[in-house]
Structures are given as C-alpha cells and as structure tokens.
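Colleague: Take this structure first; my questions come after.
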Amino acid sequence: TRWDSTALGDDCDYTINPMSYADNYDSTITDNVTGLTWQKCSMGQSGADCATGAATAYTWADAGTACSNIGTGWRLPTRMELISLVDYGVYNPTITGAYFPNTVSSYYWSSTTYAGSTARAWYVNFYSGITVYYVKTDTKYVRCVRGQ
C-alpha cells in the first residue's frame with residue numbers, strides 16, 4: 001500500500017513518471033521509463049520467481065567483475081540507476097515484487113564511489129529504500145544492469 005494522507009498537495013498525491021516495467025522472459029526486465037535492462041533476479045538467484053539458488057553478497061570490486069562476466073554491456077548500476085528501482089510505496093522490500101521477485105530486503109551495491117573517500121561506495125537498502133555509503137571491502141548484494 002502507498003502512504004496516504006488527508007492533506008491535498010503532499011508528494012504522495014502525485015505520480016510523475018510512474019514505474020513501468022516489461023518482463024522480457026529471458027531473466028531480464030526492461031524499465032520503460034529509463035530504458036535500462038535489469039537482471040530479474042539478484043546475483044546467485046535464478047528461475048521465473050528467483051527462488052532457485054540464493055542471493056550472493058560480493059565486495060564492491062567483485063560485484064563489478066561479476067556483472068561484467070554476465071556478458072557484453074552488463075555492469076554494476078550507478079547510485080541513481082539503482083535508486084530508480086526503489087518503490088517508496090512498498091516496504092520490506094522497497095521494490096516491485098511482481099517484476100523483481102524474492103529481492104533480499106538488504107543492501108545492494110552501486111558503482112558510485114563516495115566523493116569523501118575512494119575506499120567507500122554507495123549502496124541502496126531495499127529494506128527501507130535509503131542510500132548509504134560504506135567501505136568497498138564489505139559484502140553486499142548485486143543486481144546488474146545494461147544500457148545507456
């Protein structure tokens with residue numbers, strides 16, 4: 001359910017560029033707003049409902065390598081690209097489950113290095129939708145992207 005209020009004019013009263021996805025039926029999802037193609041499942045998962053296997057956590061460097069090993073054009077998403085998947089109208093996880101099933105309600109790496117320290121990078125927490133930075137040697141989950 002979406003957060004609602006009785007006051008008109010709140011942010012939740014407006015939908016600009018609503019989320020829109022297309023299942024390509026090849027383990028990828030196309031974001032119709034951004035044009036990006038995403039892995040349907042987190043790295044380590046597979047199957048139509050992403051219930052086979054288990055999501056795998058990687059260090060930041062290993063996450064980038066894992067994405068590029070999928071094939072041509074696959075990469076770790078930027079912070080803003082990853083944030084574009086956050087559905088602030090749902091919680092735990094904050095992502096559209098119909099297109100990204102069995103997403104772990106946890107931390108996912110972005111490719112964006114924190115400006116204050118090259119030893120840190122940004123991640124998105126799909127439990128609540130917040131973004132935070134942390135040391136690149138820590139392990140977090142991964143969803144790869146291609147396009148643009």
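Just so we're on the same page: first chain in the structure tokens is A, next is B, and so on; residues restart at 1 for each chain, and ligands are numbered from 1 in the order they show up.
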Any idea what's packed within 7 Å of Trp74 (chain A), counting only C-alpha atoms, ignoring anything in its chain fewer than 2 positions away? Could you give it as a list of chain:residue names?

Modeller: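 In the requested form, the answer reads A:Cys67, A:Ser68, A:Ile70, A:Gly71, A:Thr72, A:Cys144, A:Val145, A:Arg146.
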
Colleague: Can you check which residues of region 40-85 of chain A DSSP gives as alpha helix (DSSP H) on the backbone and send them as a list of chain:residue names?

Modeller: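 Going through region 40-85 of chain A, the alpha helix (DSSP H) residues come out as A:Trp60, A:Ala61, A:Asp62, A:Ala63, A:Gly64, A:Thr65, A:Ala66, A:Cys67, A:Ser68, A:Arg79, A:Met80, A:Glu81, A:Leu82, A:Ile83.
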
Colleague: I need the residues in chain A that are strand (DSSP E or B) according to DSSP; give them as number ranges by chain.

Modeller: A: 21-23, 28-31, 37-39, 45-46, 52-53, 58, 75, 107-113, 120-125, 131-135, 140-141, 145-146

Colleague: Restricting the calculation to only C-alpha atoms, which member of A:Tyr88, A:Tyr127, A:Phe100, A:Tyr107 is positioned closest to Asp31 (chain A)?

Modeller: A:Phe100

Colleague: Between A:Ala63, A:Leu82, A:Val135, A:Ala57, which has the minimum distance to Thr118 (chain A) (counting only C-alpha atoms)?

Modeller: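 Looking only at the distances to Thr118 (chain A), the closest residue turns out to be A:Val135.
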
Colleague: Do a neighbour search on Ala115 (chain A) at 12 Å with only C-alpha atoms, toss out local chain neighbours closer than 5 positions, and write the hits as a PyMOL selection string.

Modeller: chain A and resi 120-122+133-134

Colleague: Write out, as a short mmCIF file (atom, residue, chain, number, x, y, z; two decimals), in the first residue's frame, the residues just selected, with N, CA and C atoms.

Modeller:
data_model
loop_
_atom_site.label_atom_id
_atom_site.label_comp_id
_atom_site.auth_asym_id
_atom_site.auth_seq_id
_atom_site.Cartn_x
_atom_site.Cartn_y
_atom_site.Cartn_z
N ARG A 120 35.22 4.00 -0.17
CA ARG A 120 33.81 3.76 0.12
C ARG A 120 32.97 3.91 -1.14
N ALA A 121 31.84 3.23 -1.16
CA ALA A 121 30.90 3.34 -2.28
C ALA A 121 29.48 3.37 -1.73
N TRP A 122 28.56 3.87 -2.57
CA TRP A 122 27.15 3.97 -2.19
C TRP A 122 26.43 2.65 -2.41
N TYR A 133 26.65 5.03 2.24
CA TYR A 133 27.93 4.59 1.73
C TYR A 133 28.65 3.77 2.79
N TYR A 134 29.52 2.87 2.32
CA TYR A 134 30.26 2.01 3.23
C TYR A 134 31.54 1.56 2.56
#

Colleague: List the neighbours of Thr56 (chain A) out to 7 Å using only C-alpha atoms; skip same-chain residues closer than 6 positions along the sequence, and give me the result as a count of residues only.

Modeller: 3

Colleague: Choose the residue, out of A:Thr37, A:Thr30, A:Asp23, A:Ser111, that has the smallest atom-to-atom separation from Gly73 (chain A); count only C-alpha atoms.

Modeller: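 For Gly73 (chain A), the nearest of the candidates is A:Thr37.
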
Colleague: Leaving out Thr65 (chain A) and any residue of its chain fewer than 4 positions from it, which residues lie within 9 Å of it when counting only C-alpha atoms, given as a PyMOL selection string?

Modeller: chain A and resi 60-61+69-70+75-76

Colleague: Between CA of Val132 (chain A) and CA of Ser117 (chain A), what is the spacing in Å?

Modeller: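 Here the two named atoms are 13.1 Å from each other.
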
Colleague: For Trp38 (chain A), which of A:Tyr99, A:Tyr91, A:Tyr58, A:Tyr108 is the closest residue, counting only C-alpha atoms?

Modeller: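 Smallest separation from Trp38 (chain A) among the options: A:Tyr99.
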